[in-house]
Amino acid sequence: MRKPADVLKMVKDNDIKIVDLRFMDMPGLWQHFSVPAHELTENSFEDGFGFDGSSIRGFQAIHESDMLVVPDPDTAFVDMFTEVPTLNLICNVVDPVTKERYGRDPRAIAQRAENYLQYTKIADTAYFGPEAEFFIFDDVRFDQNAHCGYYYVDSIEGQWNSGREDRPNLGYKPRHKEGYFPVPPHDHFQDLRSEMVLNLEACGMRVEAHHHEVATGGQMEIDVRFDSLTRAADHVVMYKYVVKNTAIKRGHTVTFMPKPLFGDNGSGMHCHQSLWKGGKNLFAGEGYGGFSEMGLHYIGGLLKHSPALSAIIAPTTNSYKRLTPGFEAPVNLAYSRRNRSAAIRIPMISSSPGAIRLEYRPPDPSCNPYLAFAAMLMAGLDGIESRIDPGKPLDKDIYGLGPQELKKIRSLPASLEAALRHLEEDHEFLLRGEVFTEDNLRQWIEYKREREVNAMRLRPHPYEFALYFDI
């Protein structure tokens, strides 16, 4: 754990000139402002820095706009993309009058979830291992006006470019749904992903693997090692920042939009989860898939509350173009070992008790990770506290089931609007320990309805692309 003095030493050792202060808005976009390095002192880690909270989505009204960001010394990392030597710090948002954590700060919600976990004495640590997929494109254009609307993306890897006159066109365009694991030259981005990996590790993250994903047109995945809930969420936003800026530096662009291409796989963010206490994995046991009774109850909570969770873990209208029944999407609310057609998979790669975990597959990288991880934990804890039976596992290819068999399996909502209705009806589990508040949830639902669901009724599809491409 870094102390303020350690950060000041980093500033000196790296000849830092600028300190960049970062925090998350409610929808999930990283925000920042910068101060000269001489403004950062040990007192800054208690007193914070002032900013206008009324200009941040989901924060304050204009008549009470003054807010503070207080840097977390453990989050410091040197920015490798700025010309001027810059140190980045993730901050907590604080009310300048009460000096208390700001209730609408997404990072505060994640930390309250961790505090609630310890309060229950069920476990002391929740580990999350998110796998955020993304696309690398070479050209992105979209517009929406009074007389036309369109979106256009292009990639050197796109199957649609197999006949393009490039003089020469060298071929090697992965076919639709055949992009998983081919070596170069089919995989055009091995070196770019490797550069992304080195940049991620330079920021303090541990990368486990990187590879091409299923879709044509440049779909990728880089797997970062699991961490505790808030730190895992920190790593997601750092991951997006590093991946996007590494691509821009090389003349490409990255999107974490769930479904940017029609007719091919979308980008998910499968989340591996486990609970630990005193250095022991509480999910390891003698039950199905090597799971304990507690672990199975956690699965029961996730499955029960998944329709409501959808409004937070898959929070865009575009998310439901990925979560479409009958395709690759994990919309079926069942669990199984090794089975990627179920919403929850128990990986069977290792029999070590420390490796036992579940993989929750519905989330996508458009979510705010602080809110999403907190909500998933609260659903799982409700499963444990209420001893929710997850039912029998489904060890078969769900995609191959007939209509009558599929009717017996619950599924996720088919739209963001339906997901928001489920959240309105089922959210008591999120309010425990004041992790989420009625204010948080009301504001989230109103924002999503007004800015996305209702707006999409009035505007054609290109508006959706413009709305979500920069997620």
# chains A, B, ... in the order shown; residues from 1 in each chain; ligands from 1

call {"tool": "residues_around", "arguments": {"residues": "range 66-71 of chain A", "least_positions_apart": "5", "cutoff": "6 Å", "atoms": "only C-alpha atoms", "output": "VMD selection string"}}
result
chain A and resid 45 48 to 53 89 to 96

call {"tool": "closest_atom_pairs", "arguments": {"of": "range 24-47 of chain A", "to": "range 241-245 of chain A", "cutoff": "12 Å", "atoms": "only C-alpha atoms", "output": "JSON lines"}}
result
{"residue": "A:Leu29", "atom": "CA", "partner": "A:Tyr241", "partner_atom": "CA", "distance": 10.3}
{"residue": "A:Trp30", "atom": "CA", "partner": "A:Tyr241", "partner_atom": "CA", "distance": 8.6}
{"residue": "A:Gln31", "atom": "CA", "partner": "A:Tyr241", "partner_atom": "CA", "distance": 11.2}

call {"tool": "residues_around", "arguments": {"residues": "Val331 in chain A", "least_positions_apart": "2", "cutoff": "10 Å", "atoms": "only C-alpha atoms", "output": "CSV table (one decimal) with all heavy atoms, in the first residue's frame"}}
result
chain,number,residue,atom,x,y,z
A,306,SER,N,-30.6,-11.6,-11.8
A,306,SER,CA,-30.0,-11.3,-13.1
A,306,SER,C,-30.9,-10.3,-13.9
A,306,SER,O,-30.4,-9.4,-14.6
A,306,SER,CB,-29.7,-12.5,-13.9
A,306,SER,OG,-28.5,-13.1,-13.5
A,307,PRO,N,-32.2,-10.5,-14.0
A,307,PRO,CA,-33.0,-9.5,-14.8
A,307,PRO,C,-32.9,-8.1,-14.3
A,307,PRO,O,-32.8,-7.2,-15.1
A,307,PRO,CB,-34.5,-10.0,-14.6
A,307,PRO,CG,-34.3,-11.5,-14.4
A,307,PRO,CD,-33.0,-11.7,-13.5
A,320,TYR,N,-28.3,-5.0,-25.8
A,320,TYR,CA,-29.3,-6.0,-26.1
A,320,TYR,C,-29.3,-6.4,-27.5
A,320,TYR,O,-30.1,-7.2,-27.9
A,320,TYR,CB,-30.7,-5.5,-25.6
A,320,TYR,CG,-30.6,-5.3,-24.1
A,320,TYR,CD1,-30.1,-4.1,-23.5
A,320,TYR,CD2,-30.9,-6.4,-23.2
A,320,TYR,CE1,-30.0,-4.0,-22.2
A,320,TYR,CE2,-30.7,-6.2,-21.8
A,320,TYR,CZ,-30.2,-5.0,-21.3
A,320,TYR,OH,-30.0,-4.9,-20.0
A,322,ARG,N,-26.4,-7.5,-28.4
A,322,ARG,CA,-25.5,-8.6,-28.1
A,322,ARG,C,-26.3,-9.7,-27.4
A,322,ARG,O,-26.1,-10.9,-27.7
A,322,ARG,CB,-24.3,-8.1,-27.2
A,322,ARG,CG,-23.5,-9.3,-26.6
A,322,ARG,CD,-22.4,-8.8,-25.7
A,322,ARG,NE,-21.8,-9.9,-25.0
A,322,ARG,CZ,-22.0,-10.2,-23.7
A,322,ARG,NH1,-22.8,-9.4,-23.0
A,322,ARG,NH2,-21.4,-11.2,-23.2
A,323,LEU,N,-27.1,-9.3,-26.4
A,323,LEU,CA,-27.9,-10.2,-25.6
A,323,LEU,C,-29.1,-10.6,-26.3
A,323,LEU,O,-30.3,-10.3,-25.9
A,323,LEU,CB,-28.2,-9.6,-24.2
A,323,LEU,CG,-27.0,-9.3,-23.3
A,323,LEU,CD1,-27.4,-8.6,-22.1
A,323,LEU,CD2,-26.2,-10.6,-23.0
A,324,THR,N,-29.0,-11.3,-27.4
A,324,THR,CA,-30.1,-11.7,-28.3
A,324,THR,C,-30.2,-13.2,-28.3
A,324,THR,O,-29.3,-13.9,-28.6
A,324,THR,CB,-29.9,-11.2,-29.7
A,324,THR,OG1,-29.7,-9.8,-29.7
A,324,THR,CG2,-31.1,-11.6,-30.6
A,325,PRO,N,-31.4,-13.8,-27.9
A,325,PRO,CA,-31.5,-15.2,-27.8
A,325,PRO,C,-31.3,-15.9,-29.1
A,325,PRO,O,-31.6,-15.4,-30.2
A,325,PRO,CB,-33.0,-15.4,-27.4
A,325,PRO,CG,-33.4,-14.1,-26.7
A,325,PRO,CD,-32.6,-13.0,-27.4
A,326,GLY,N,-30.6,-17.1,-29.1
A,326,GLY,CA,-30.4,-17.8,-30.3
A,326,GLY,C,-29.0,-17.6,-30.9
A,326,GLY,O,-28.7,-18.3,-31.8
A,327,PHE,N,-28.3,-16.6,-30.4
A,327,PHE,CA,-27.0,-16.3,-31.0
A,327,PHE,C,-25.9,-16.7,-29.9
A,327,PHE,O,-26.1,-17.6,-29.1
A,327,PHE,CB,-26.9,-14.9,-31.4
A,327,PHE,CG,-27.8,-14.6,-32.6
A,327,PHE,CD1,-29.1,-14.2,-32.4
A,327,PHE,CD2,-27.3,-14.8,-33.9
A,327,PHE,CE1,-29.9,-13.9,-33.5
A,327,PHE,CE2,-28.1,-14.5,-35.0
A,327,PHE,CZ,-29.4,-14.1,-34.8
A,328,GLU,N,-24.8,-16.0,-29.9
A,328,GLU,CA,-23.7,-16.4,-29.0
A,328,GLU,C,-23.9,-15.9,-27.6
A,328,GLU,O,-23.1,-16.2,-26.7
A,328,GLU,CB,-22.4,-15.9,-29.6
A,328,GLU,CG,-22.0,-14.4,-29.3
A,328,GLU,CD,-22.8,-13.5,-30.2
A,328,GLU,OE1,-23.4,-13.9,-31.2
A,328,GLU,OE2,-22.7,-12.3,-30.0
A,329,ALA,N,-24.9,-15.1,-27.4
A,329,ALA,CA,-25.1,-14.3,-26.1
A,329,ALA,C,-25.5,-15.2,-25.0
A,329,ALA,O,-26.3,-16.2,-25.2
A,329,ALA,CB,-26.1,-13.2,-26.3
A,333,LEU,N,-30.5,-18.2,-18.1
A,333,LEU,CA,-30.2,-18.1,-16.7
A,333,LEU,C,-30.1,-19.5,-16.1
A,333,LEU,O,-31.0,-20.0,-15.4
A,333,LEU,CB,-31.3,-17.2,-16.0
A,333,LEU,CG,-31.3,-15.8,-16.4
A,333,LEU,CD1,-32.4,-15.0,-15.7
A,333,LEU,CD2,-29.9,-15.1,-16.2
A,334,ALA,N,-29.0,-20.1,-16.4
A,334,ALA,CA,-28.6,-21.4,-15.9
A,334,ALA,C,-27.1,-21.4,-15.6
A,334,ALA,O,-26.4,-20.5,-16.0
A,334,ALA,CB,-28.9,-22.5,-17.0
A,341,SER,N,-22.6,-21.8,-23.0
A,341,SER,CA,-23.9,-21.4,-23.4
A,341,SER,C,-24.8,-21.0,-22.2
A,341,SER,O,-26.0,-20.6,-22.4
A,341,SER,CB,-24.6,-22.5,-24.3
A,341,SER,OG,-24.8,-23.6,-23.5
A,342,ALA,N,-24.3,-21.1,-21.0
A,342,ALA,CA,-25.0,-20.8,-19.8
A,342,ALA,C,-24.6,-19.4,-19.3
A,342,ALA,O,-23.5,-19.0,-19.6
A,342,ALA,CB,-24.8,-21.8,-18.7
A,343,ALA,N,-25.5,-18.7,-18.6
A,343,ALA,CA,-25.1,-17.4,-18.0
A,343,ALA,C,-23.9,-17.5,-17.0
A,343,ALA,O,-23.1,-16.6,-16.9
A,343,ALA,CB,-26.3,-16.8,-17.4
A,344,ILE,N,-23.9,-18.6,-16.3
A,344,ILE,CA,-22.8,-18.8,-15.4
A,344,ILE,C,-22.1,-20.1,-15.7
A,344,ILE,O,-22.7,-21.2,-15.8
A,344,ILE,CB,-23.3,-18.9,-13.9
A,344,ILE,CG1,-23.9,-17.5,-13.5
A,344,ILE,CG2,-22.2,-19.2,-12.9
A,344,ILE,CD1,-24.5,-17.4,-12.1
A,361,ARG,N,-21.3,-14.4,-17.3
A,361,ARG,CA,-21.1,-14.0,-18.7
A,361,ARG,C,-22.0,-12.9,-19.3
A,361,ARG,O,-21.6,-12.4,-20.3
A,361,ARG,CB,-21.2,-15.3,-19.5
A,361,ARG,CG,-20.2,-16.4,-19.2
A,361,ARG,CD,-20.4,-17.7,-19.9
A,361,ARG,NE,-20.2,-17.5,-21.3
A,361,ARG,CZ,-19.0,-17.5,-22.0
A,361,ARG,NH1,-17.9,-17.6,-21.3
A,361,ARG,NH2,-19.0,-17.4,-23.3
A,362,PRO,N,-23.1,-12.5,-18.7
A,362,PRO,CA,-23.9,-11.5,-19.3
A,362,PRO,C,-23.3,-10.1,-19.3
A,362,PRO,O,-23.6,-9.3,-20.2
A,362,PRO,CB,-25.2,-11.5,-18.4
A,362,PRO,CG,-25.3,-12.8,-17.9
A,362,PRO,CD,-23.8,-13.2,-17.6
A,409,ILE,N,-36.4,-22.5,-19.2
A,409,ILE,CA,-35.2,-21.8,-18.7
A,409,ILE,C,-35.5,-20.3,-18.7
A,409,ILE,O,-35.9,-19.7,-19.7
A,409,ILE,CB,-34.0,-22.1,-19.6
A,409,ILE,CG1,-33.7,-23.6,-19.7
A,409,ILE,CG2,-32.7,-21.3,-19.1
A,409,ILE,CD1,-32.7,-23.9,-20.7
A,410,ARG,N,-35.3,-19.6,-17.6
A,410,ARG,CA,-35.5,-18.2,-17.5
A,410,ARG,C,-34.4,-17.5,-18.3
A,410,ARG,O,-33.3,-18.1,-18.5
A,410,ARG,CB,-35.4,-17.7,-16.1
A,410,ARG,CG,-36.5,-18.1,-15.2
A,410,ARG,CD,-36.2,-17.8,-13.7
A,410,ARG,NE,-36.1,-16.4,-13.5
A,410,ARG,CZ,-35.1,-15.8,-12.9
A,410,ARG,NH1,-34.1,-16.5,-12.4
A,410,ARG,NH2,-35.1,-14.5,-12.7
A,411,SER,N,-34.7,-16.3,-18.9
A,411,SER,CA,-33.7,-15.6,-19.7
A,411,SER,C,-33.6,-14.2,-19.2
A,411,SER,O,-34.5,-13.7,-18.5
A,411,SER,CB,-34.0,-15.7,-21.1
A,411,SER,OG,-35.3,-15.1,-21.4
A,412,LEU,N,-32.6,-13.5,-19.7
A,412,LEU,CA,-32.5,-12.1,-19.4
A,412,LEU,C,-33.5,-11.2,-20.2
A,412,LEU,O,-34.1,-11.7,-21.2
A,412,LEU,CB,-31.1,-11.6,-19.9
A,412,LEU,CG,-29.9,-12.2,-19.1
A,412,LEU,CD1,-28.6,-11.8,-19.7
A,412,LEU,CD2,-29.9,-11.7,-17.6
A,413,PRO,N,-33.7,-10.0,-19.7
A,413,PRO,CA,-34.6,-9.1,-20.5
A,413,PRO,C,-34.1,-8.9,-21.9
A,413,PRO,O,-32.9,-9.0,-22.2
A,413,PRO,CB,-34.6,-7.8,-19.7
A,413,PRO,CG,-34.1,-8.2,-18.3
A,413,PRO,CD,-33.2,-9.4,-18.5
A,414,ALA,N,-35.1,-8.6,-22.8
A,414,ALA,CA,-34.7,-8.4,-24.2
A,414,ALA,C,-34.4,-7.0,-24.6
A,414,ALA,O,-34.0,-6.7,-25.7
A,414,ALA,CB,-35.9,-9.0,-25.1

call {"tool": "residues_around", "arguments": {"residues": "range 312-314 of chain A", "least_positions_apart": "5", "cutoff": "10 Å", "atoms": "only C-alpha atoms", "output": "NGL selection string"}}
result
:A and (27 or 258 or 268-269 or 306-307 or 319-320 or 322-323 or 362-369 or 371-376 or 415-416 or 419-420 or 423 or 441 or 444-445)

call {"tool": "select_by_dssp", "arguments": {"residues": "range 182-303 of chain A", "states": "strand (DSSP E or B)", "output": "count of residues only"}}
result
30

call {"tool": "atom_distance", "arguments": {"atom1": "CA of Leu430 in chain A", "atom2": "CA of Ser228 in chain A"}}
result
19.0 Å

call {"tool": "closest_residue", "arguments": {"among": "A:Pro315, A:Gly179, A:Gly391, A:Pro330", "to": "Val453 in chain A", "atoms": "only C-alpha atoms"}}
result
A:Pro315

call {"tool": "select_by_dssp", "arguments": {"residues": "range 96-297 of chain A", "states": "helix (DSSP H, G or I)", "output": "PyMOL selection string"}}
result
chain A and resi 106-120+159-161+190-202+229-249+288-290+293-297

call {"tool": "atom_distance", "arguments": {"atom1": "CA of Thr317 in chain A", "atom2": "CA of Gln443 in chain A"}}
result
17.4 Å

call {"tool": "residues_around", "arguments": {"residues": "His422 in chain A", "least_positions_apart": "3", "cutoff": "9 Å", "atoms": "only C-alpha atoms", "output": "PyMOL selection string"}}
result
chain A and resi 305+307-311+413+417-419+425-427
